[in-house]
Structures are given as structure tokens and as C-alpha cells.
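Source file: structure-v3.pdb. Holds: PDB, C-alpha atoms.
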```pdb
MODEL        1
ATOM      1  CA  MET A 993       0.000   0.000   0.000  1.00  0.00           C
ATOM      2  CA  ASP A 994       1.354   3.439  -0.858  1.00  0.00           C
ATOM      3  CA  GLU A 995      -0.041   5.420   2.051  1.00  0.00           C
ATOM      4  CA  GLU A 996       2.128   7.691   4.145  1.00  0.00           C
ATOM      5  CA  PRO A 997       0.315   7.815   7.480  1.00  0.00           C
ATOM      6  CA  ARG A 998       0.937  10.215  10.318  1.00  0.00           C
ATOM      7  CA  LYS A 999      -0.417  10.027  13.856  1.00  0.00           C
ATOM      8  CA  ASP A1000      -2.120  12.829  15.771  1.00  0.00           C
ATOM      9  CA  GLN A1001      -3.285  13.012  19.367  1.00  0.00           C
ATOM     10  CA  ILE A1002      -5.059  15.510  21.605  1.00  0.00           C
ATOM     11  CA  ASP A1003      -3.035  17.280  24.295  1.00  0.00           C
ATOM     12  CA  LYS A1004      -5.383  17.111  27.300  1.00  0.00           C
ATOM     13  CA  SER A1005      -3.892  20.180  28.999  1.00  0.00           C
ATOM     14  CA  THR A1006      -4.236  22.547  26.007  1.00  0.00           C
ATOM     15  CA  LEU A1007      -6.953  20.628  24.067  1.00  0.00           C
ATOM     16  CA  GLU A1008      -4.849  21.009  20.907  1.00  0.00           C
ATOM     17  CA  ILE A1009      -4.549  18.316  18.270  1.00  0.00           C
ATOM     18  CA  LYS A1010      -0.838  17.683  17.792  1.00  0.00           C
ATOM     19  CA  GLN A1011       1.185  15.473  15.518  1.00  0.00           C
ATOM     20  CA  VAL A1012       2.790  12.691  17.581  1.00  0.00           C
ATOM     21  CA  ASP A1013       5.970  12.385  15.513  1.00  0.00           C
ATOM     22  CA  ASP A1014       7.443  13.247  12.124  1.00  0.00           C
ATOM     23  CA  GLU A1015       7.949   9.636  11.106  1.00  0.00           C
ATOM     24  CA  VAL A1016       6.432   8.526   7.811  1.00  0.00           C
ATOM     25  CA  TYR A1017       5.190   4.956   8.041  1.00  0.00           C
ATOM     26  CA  THR A1018       5.522   2.816   4.948  1.00  0.00           C
ATOM     27  CA  SER A1019       3.321  -0.083   6.058  1.00  0.00           C
ATOM     28  CA  MET A1020       0.159  -0.580   8.044  1.00  0.00           C
ATOM     29  CA  ARG A1021       1.899  -3.230  10.137  1.00  0.00           C
ATOM     30  CA  GLU A1022       4.645  -0.770  11.130  1.00  0.00           C
ATOM     31  CA  LEU A1023       2.053   1.862  12.045  1.00  0.00           C
ATOM     32  CA  GLY A1024       0.001  -0.678  14.013  1.00  0.00           C
ATOM     33  CA  GLU A1025       3.010  -1.594  16.122  1.00  0.00           C
ATOM     34  CA  GLU A1026       3.374   2.058  17.139  1.00  0.00           C
ATOM     35  CA  LEU A1027      -0.254   2.620  18.186  1.00  0.00           C
ATOM     36  CA  PRO A1028      -0.785   2.555  21.978  1.00  0.00           C
ATOM     37  CA  ASP A1029      -3.049  -0.095  23.507  1.00  0.00           C
ATOM     38  CA  ASN A1030      -5.179   2.260  25.592  1.00  0.00           C
ATOM     39  CA  SER A1031      -4.999   5.726  24.049  1.00  0.00           C
ATOM     40  CA  PRO A1032      -6.884   6.998  20.974  1.00  0.00           C
ATOM     41  CA  ARG A1033      -5.194   8.483  17.901  1.00  0.00           C
ATOM     42  CA  PHE A1034      -6.170  10.147  14.661  1.00  0.00           C
ATOM     43  CA  VAL A1035      -4.226   8.757  11.698  1.00  0.00           C
ATOM     44  CA  VAL A1036      -4.201  10.576   8.355  1.00  0.00           C
ATOM     45  CA  LEU A1037      -3.512   8.453   5.273  1.00  0.00           C
ATOM     46  CA  SER A1038      -2.696   9.609   1.777  1.00  0.00           C
ATOM     47  CA  TYR A1039      -4.370   6.984  -0.386  1.00  0.00           C
ATOM     48  CA  PRO A1040      -3.600   6.897  -4.150  1.00  0.00           C
ATOM     49  CA  LEU A1041      -6.613   6.223  -6.378  1.00  0.00           C
ATOM     50  CA  THR A1042      -7.257   5.916 -10.090  1.00  0.00           C
ATOM     51  CA  LEU A1043     -10.384   7.462 -11.588  1.00  0.00           C
ATOM     52  CA  VAL A1044     -12.224   5.026 -13.848  1.00  0.00           C
ATOM     53  CA  ARG A1045     -15.316   5.127 -16.082  1.00  0.00           C
ATOM     54  CA  LEU A1046     -17.908   2.402 -16.434  1.00  0.00           C
ATOM     55  CA  PRO A1047     -18.226   0.881 -19.906  1.00  0.00           C
ATOM     56  CA  PRO A1048     -21.185   1.959 -22.080  1.00  0.00           C
ATOM     57  CA  LYS A1049     -22.918  -1.383 -21.347  1.00  0.00           C
ATOM     58  CA  SER A1050     -24.493   0.258 -18.301  1.00  0.00           C
ATOM     59  CA  PRO A1051     -26.819   2.928 -19.801  1.00  0.00           C
ATOM     60  CA  GLU A1052     -27.930   4.321 -16.447  1.00  0.00           C
ATOM     61  CA  LEU A1053     -24.305   4.975 -15.477  1.00  0.00           C
ATOM     62  CA  ILE A1054     -22.819   6.288 -18.745  1.00  0.00           C
ATOM     63  CA  GLY A1055     -20.553   9.257 -18.166  1.00  0.00           C
ATOM     64  CA  ARG A1056     -20.416   8.938 -14.387  1.00  0.00           C
ATOM     65  CA  THR A1057     -16.894   8.888 -12.934  1.00  0.00           C
ATOM     66  CA  PHE A1058     -16.047   6.505 -10.133  1.00  0.00           C
ATOM     67  CA  VAL A1059     -12.992   6.314  -7.945  1.00  0.00           C
ATOM     68  CA  ASP A1060     -11.235   3.010  -7.533  1.00  0.00           C
ATOM     69  CA  ARG A1061      -7.682   2.018  -6.698  1.00  0.00           C
ATOM     70  CA  ARG A1062      -7.658  -1.084  -8.880  1.00  0.00           C
ATOM     71  CA  MET A1063      -8.565  -1.562 -12.515  1.00  0.00           C
ATOM     72  CA  TRP A1064     -11.750  -3.620 -12.907  1.00  0.00           C
ATOM     73  CA  GLY A1065     -12.467  -5.841 -15.906  1.00  0.00           C
ATOM     74  CA  GLY A1066     -14.233  -3.765 -18.549  1.00  0.00           C
ATOM     75  CA  MET A1067     -13.427  -0.396 -16.975  1.00  0.00           C
ATOM     76  CA  GLN A1068     -11.117   2.105 -18.589  1.00  0.00           C
ATOM     77  CA  ALA A1069      -8.927   4.565 -16.710  1.00  0.00           C
ATOM     78  CA  SER A1070      -9.975   8.142 -17.330  1.00  0.00           C
ATOM     79  CA  GLY A1071      -6.346   9.214 -17.210  1.00  0.00           C
ATOM     80  CA  ARG A1072      -6.750  11.175 -13.993  1.00  0.00           C
ATOM     81  CA  ALA A1073      -5.164  10.296 -10.685  1.00  0.00           C
ATOM     82  CA  SER A1074      -6.311  11.338  -7.242  1.00  0.00           C
ATOM     83  CA  VAL A1075      -4.614  11.129  -3.851  1.00  0.00           C
ATOM     84  CA  PRO A1076      -7.297  11.925  -1.263  1.00  0.00           C
ATOM     85  CA  TYR A1077      -6.762  11.904   2.482  1.00  0.00           C
ATOM     86  CA  VAL A1078      -8.467   9.331   4.654  1.00  0.00           C
ATOM     87  CA  MET A1079      -8.643   9.781   8.416  1.00  0.00           C
ATOM     88  CA  VAL A1080      -8.522   6.744  10.665  1.00  0.00           C
ATOM     89  CA  ASN A1081     -10.123   7.236  14.066  1.00  0.00           C
ATOM     90  CA  TYR A1082      -8.337   4.740  16.326  1.00  0.00           C
ATOM     91  CA  LEU A1083     -10.370   4.348  19.514  1.00  0.00           C
ATOM     92  CA  PRO A1084      -9.352   1.239  21.498  1.00  0.00           C
ATOM     93  CA  PRO A1085     -11.996  -0.176  23.877  1.00  0.00           C
ATOM     94  CA  THR A1086      -9.538   0.052  26.795  1.00  0.00           C
ATOM     95  CA  CYS A1087      -9.209   3.857  26.734  1.00  0.00           C
ATOM     96  CA  SER A1088     -10.890   5.968  29.404  1.00  0.00           C
ATOM     97  CA  SER A1089     -14.334   7.464  28.914  1.00  0.00           C
ATOM     98  CA  GLU A1090     -12.758  10.931  29.297  1.00  0.00           C
ATOM     99  CA  LEU A1091     -10.512  10.303  26.271  1.00  0.00           C
ATOM    100  CA  ARG A1092     -13.420   8.803  24.318  1.00  0.00           C
ATOM    101  CA  MET A1093     -15.447  11.986  24.817  1.00  0.00           C
ATOM    102  CA  LEU A1094     -12.478  14.215  24.005  1.00  0.00           C
ATOM    103  CA  TYR A1095     -11.754  12.420  20.722  1.00  0.00           C
ATOM    104  CA  ALA A1096     -15.436  12.154  19.763  1.00  0.00           C
ATOM    105  CA  GLY A1097     -15.761  15.917  20.117  1.00  0.00           C
ATOM    106  CA  ALA A1098     -12.669  16.610  18.017  1.00  0.00           C
ATOM    107  CA  LYS A1099     -13.229  14.047  15.256  1.00  0.00           C
ATOM    108  CA  GLU A1100     -15.106  16.313  12.824  1.00  0.00           C
ATOM    109  CA  LEU A1101     -12.720  19.234  13.423  1.00  0.00           C
ATOM    110  CA  MET A1102      -9.746  16.961  12.691  1.00  0.00           C
ATOM    111  CA  ARG A1103     -11.429  15.577   9.562  1.00  0.00           C
ATOM    112  CA  ARG A1104     -12.028  19.093   8.224  1.00  0.00           C
ATOM    113  CA  GLN A1105      -8.526  20.309   9.120  1.00  0.00           C
ATOM    114  CA  ALA A1106      -6.938  17.268   7.455  1.00  0.00           C
ATOM    115  CA  GLU A1107      -9.275  17.680   4.463  1.00  0.00           C
ATOM    116  CA  ALA A1108     -10.065  13.972   4.715  1.00  0.00           C
ATOM    117  CA  GLY A1109     -12.856  12.788   2.468  1.00  0.00           C
ATOM    118  CA  ARG A1110     -13.562   9.727   4.555  1.00  0.00           C
ATOM    119  CA  VAL A1111     -13.267   8.618   8.188  1.00  0.00           C
ATOM    120  CA  VAL A1112     -12.619   4.958   8.996  1.00  0.00           C
ATOM    121  CA  GLU A1113     -13.303   3.836  12.573  1.00  0.00           C
ATOM    122  CA  ILE A1114     -11.115   1.116  14.117  1.00  0.00           C
ATOM    123  CA  GLU A1115     -10.765  -0.270  17.638  1.00  0.00           C
ATOM    124  CA  SER A1116      -7.556  -2.289  17.332  1.00  0.00           C
ATOM    125  CA  ALA A1117      -4.216  -1.934  15.613  1.00  0.00           C
ATOM    126  CA  GLU A1118      -4.874  -5.279  13.889  1.00  0.00           C
ATOM    127  CA  GLU A1119      -7.744  -3.666  11.956  1.00  0.00           C
ATOM    128  CA  LEU A1120      -5.191  -1.479  10.131  1.00  0.00           C
ATOM    129  CA  GLU A1121      -4.196  -4.509   8.081  1.00  0.00           C
ATOM    130  CA  GLY A1122      -7.695  -4.522   6.536  1.00  0.00           C
ATOM    131  CA  ILE A1123      -7.857  -0.782   5.784  1.00  0.00           C
ATOM    132  CA  GLU A1124      -6.799  -1.199   2.159  1.00  0.00           C
ATOM    133  CA  GLU A1125      -9.605  -3.681   1.483  1.00  0.00           C
ATOM    134  CA  ARG A1126     -12.141  -1.406   3.183  1.00  0.00           C
ATOM    135  CA  LEU A1127     -11.013   1.528   1.053  1.00  0.00           C
ATOM    136  CA  LYS A1128     -11.120  -0.529  -2.150  1.00  0.00           C
ATOM    137  CA  GLY A1129     -14.704  -1.474  -1.374  1.00  0.00           C
ATOM    138  CA  GLU A1130     -15.964   2.118  -1.248  1.00  0.00           C
ATOM    139  CA  ASP A1131     -18.108   3.464  -4.072  1.00  0.00           C
TER     140      ASP A1131
ENDMDL
END
```
Once more with this new file: its structure as C-alpha cells, please.
Amino acid sequence: MDEEPRKDQIDKSTLEIKQVDDEVYTSMRELGEELPDNSPRFVVLSYPLTLVRLPPKSPELIGRTFVDRRMWGGMQASGRASVPYVMVNYLPPTCSSELRMLYAGAKELMRRQAEAGRVVEIESAEELEGIEERLKGED
């Protein structure tokens, strides 16, 4: 996967959303190993996509552009690439209710600030491994 994730957390004393580190993670497994077991994080992914068009066999969909990372049988690339941001809201079940409320209140602000088109909710670092499949399945 070609994402370059970064982790953000909320500073409880100042209520600011701050980047945890400057490291660029090259794999979901590497990122998952760095996520804490009992503290939430916002993760921003840069996810490369290819814009595709449906073939003319589907009259109700002619001319509509769809976004997909893979090339499907019968679909032609429109020649345009897109690299939207996706925000992962990591909220492990073991974190305190205070942190849950804090992150729930900041989620939409973080999504807007990161200009993320989609938010994916996960509860465990292991779920990161399935992020690519979840993103491929979006319409």
C-alpha cells in the first residue's frame, strides 16, 4: 500500500490536536506496532486512487466517474489520478471514557482540518491490516 500515514493526538492540557511524531510509516503493520493499547489516535492516510469510467454497457451509469484504486475488468482509466486523504479514528476499547469523549468531540474538526474525504473507525491496531480492502470497497 502506498499510504504515508501520520499520527495525531489531543493534548489534554491545552486541548490542541498535535502530531505525535514526524515519522512517515511505509506499512500498516509498522504503524500498528506504534499505536498505543489504551490511548486513541487520529491517523491521516494519503491513499492513491485511479479514476475510472464504467463501460457503455451500463446505460444508467454512462458518463459517471467513479474512484477506484484497482482496474476492474471492462473499466477504462480516465487518465486522472487522485490522492485523497483518509482519516482513521483509532479508539481502542480500553481507553478511558474521558478520552473517548475528548476524541469524539474533536473528530469532525480533525477531519475538516486534514481535508479527509472519509473517516474509517477502528478499535484495534490489527484492523489497520484490513484498511486497504475497506477503502477498495468504497463506491
- Task: Go ahead and compute the interatomic distance for CA of Val1075 (chain A) and CA of Asp1000 (chain A), in Å to one decimal.
- Result: 19.9 Å
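Across the model, the gap from CA of Arg1126 (chain A) to CA of Ile1009 (chain A) is 26.0 Å.
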- Task: For a cut-off of 12 Å around (-8.5, -2.2, 13.4), file coordinates, pick out all residues using only C-alpha atoms and list them as a PyMOL selection string.
- Result: chain A and resi 1020-1021+1023-1025+1027+1029+1035+1080-1085+1112-1124+1126
Give me a file of those residues, with C-alpha atoms, as a PDB file, in the coordinates of the input.
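To be explicit, this is the file written out as out_23.pdb:
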```
ATOM      1  CA  MET A1020       0.159  -0.580   8.044  1.00  0.00           C
ATOM      2  CA  ARG A1021       1.899  -3.230  10.137  1.00  0.00           C
ATOM      3  CA  LEU A1023       2.053   1.862  12.045  1.00  0.00           C
ATOM      4  CA  GLY A1024       0.001  -0.678  14.013  1.00  0.00           C
ATOM      5  CA  GLU A1025       3.010  -1.594  16.122  1.00  0.00           C
ATOM      6  CA  LEU A1027      -0.254   2.620  18.186  1.00  0.00           C
ATOM      7  CA  ASP A1029      -3.049  -0.095  23.507  1.00  0.00           C
ATOM      8  CA  VAL A1035      -4.226   8.757  11.698  1.00  0.00           C
ATOM      9  CA  VAL A1080      -8.522   6.744  10.665  1.00  0.00           C
ATOM     10  CA  ASN A1081     -10.123   7.236  14.066  1.00  0.00           C
ATOM     11  CA  TYR A1082      -8.337   4.740  16.326  1.00  0.00           C
ATOM     12  CA  LEU A1083     -10.370   4.348  19.514  1.00  0.00           C
ATOM     13  CA  PRO A1084      -9.352   1.239  21.498  1.00  0.00           C
ATOM     14  CA  PRO A1085     -11.996  -0.176  23.877  1.00  0.00           C
ATOM     15  CA  VAL A1112     -12.619   4.958   8.996  1.00  0.00           C
ATOM     16  CA  GLU A1113     -13.303   3.836  12.573  1.00  0.00           C
ATOM     17  CA  ILE A1114     -11.115   1.116  14.117  1.00  0.00           C
ATOM     18  CA  GLU A1115     -10.765  -0.270  17.638  1.00  0.00           C
ATOM     19  CA  SER A1116      -7.556  -2.289  17.332  1.00  0.00           C
ATOM     20  CA  ALA A1117      -4.216  -1.934  15.613  1.00  0.00           C
ATOM     21  CA  GLU A1118      -4.874  -5.279  13.889  1.00  0.00           C
ATOM     22  CA  GLU A1119      -7.744  -3.666  11.956  1.00  0.00           C
ATOM     23  CA  LEU A1120      -5.191  -1.479  10.131  1.00  0.00           C
ATOM     24  CA  GLU A1121      -4.196  -4.509   8.081  1.00  0.00           C
ATOM     25  CA  GLY A1122      -7.695  -4.522   6.536  1.00  0.00           C
ATOM     26  CA  ILE A1123      -7.857  -0.782   5.784  1.00  0.00           C
ATOM     27  CA  GLU A1124      -6.799  -1.199   2.159  1.00  0.00           C
ATOM     28  CA  ARG A1126     -12.141  -1.406   3.183  1.00  0.00           C
TER      29      ARG A1126
END
```
- Residues within 12 Å of (-10.0, 11.6, 5.3), file coords, all atoms listed in the file, listed as number ranges by chain: A: 997, 1034-1039, 1075-1081, 1099-1113, 1127
Dump as a PDB file, in the frame of the given file, selection limited to C-alpha atoms:
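See result.pdb below for the written result:
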```pdb
ATOM      1  CA  PRO A 997       0.315   7.815   7.480  1.00  0.00           C
ATOM      2  CA  PHE A1034      -6.170  10.147  14.661  1.00  0.00           C
ATOM      3  CA  VAL A1035      -4.226   8.757  11.698  1.00  0.00           C
ATOM      4  CA  VAL A1036      -4.201  10.576   8.355  1.00  0.00           C
ATOM      5  CA  LEU A1037      -3.512   8.453   5.273  1.00  0.00           C
ATOM      6  CA  SER A1038      -2.696   9.609   1.777  1.00  0.00           C
ATOM      7  CA  TYR A1039      -4.370   6.984  -0.386  1.00  0.00           C
ATOM      8  CA  VAL A1075      -4.614  11.129  -3.851  1.00  0.00           C
ATOM      9  CA  PRO A1076      -7.297  11.925  -1.263  1.00  0.00           C
ATOM     10  CA  TYR A1077      -6.762  11.904   2.482  1.00  0.00           C
ATOM     11  CA  VAL A1078      -8.467   9.331   4.654  1.00  0.00           C
ATOM     12  CA  MET A1079      -8.643   9.781   8.416  1.00  0.00           C
ATOM     13  CA  VAL A1080      -8.522   6.744  10.665  1.00  0.00           C
ATOM     14  CA  ASN A1081     -10.123   7.236  14.066  1.00  0.00           C
ATOM     15  CA  LYS A1099     -13.229  14.047  15.256  1.00  0.00           C
ATOM     16  CA  GLU A1100     -15.106  16.313  12.824  1.00  0.00           C
ATOM     17  CA  LEU A1101     -12.720  19.234  13.423  1.00  0.00           C
ATOM     18  CA  MET A1102      -9.746  16.961  12.691  1.00  0.00           C
ATOM     19  CA  ARG A1103     -11.429  15.577   9.562  1.00  0.00           C
ATOM     20  CA  ARG A1104     -12.028  19.093   8.224  1.00  0.00           C
ATOM     21  CA  GLN A1105      -8.526  20.309   9.120  1.00  0.00           C
ATOM     22  CA  ALA A1106      -6.938  17.268   7.455  1.00  0.00           C
ATOM     23  CA  GLU A1107      -9.275  17.680   4.463  1.00  0.00           C
ATOM     24  CA  ALA A1108     -10.065  13.972   4.715  1.00  0.00           C
ATOM     25  CA  GLY A1109     -12.856  12.788   2.468  1.00  0.00           C
ATOM     26  CA  ARG A1110     -13.562   9.727   4.555  1.00  0.00           C
ATOM     27  CA  VAL A1111     -13.267   8.618   8.188  1.00  0.00           C
ATOM     28  CA  VAL A1112     -12.619   4.958   8.996  1.00  0.00           C
ATOM     29  CA  GLU A1113     -13.303   3.836  12.573  1.00  0.00           C
ATOM     30  CA  LEU A1127     -11.013   1.528   1.053  1.00  0.00           C
TER      31      LEU A1127
END
```
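Reported to one decimal place, the separation of CA of Lys1128 (chain A) from CA of Asp1014 (chain A) is 27.2 Å.
If all atoms listed in the file are the atoms counted, then among A:Val1016, A:Ile1002, A:Leu1007, A:Cys1087 the closest residue to Pro1028 (chain A) is A:Cys1087.
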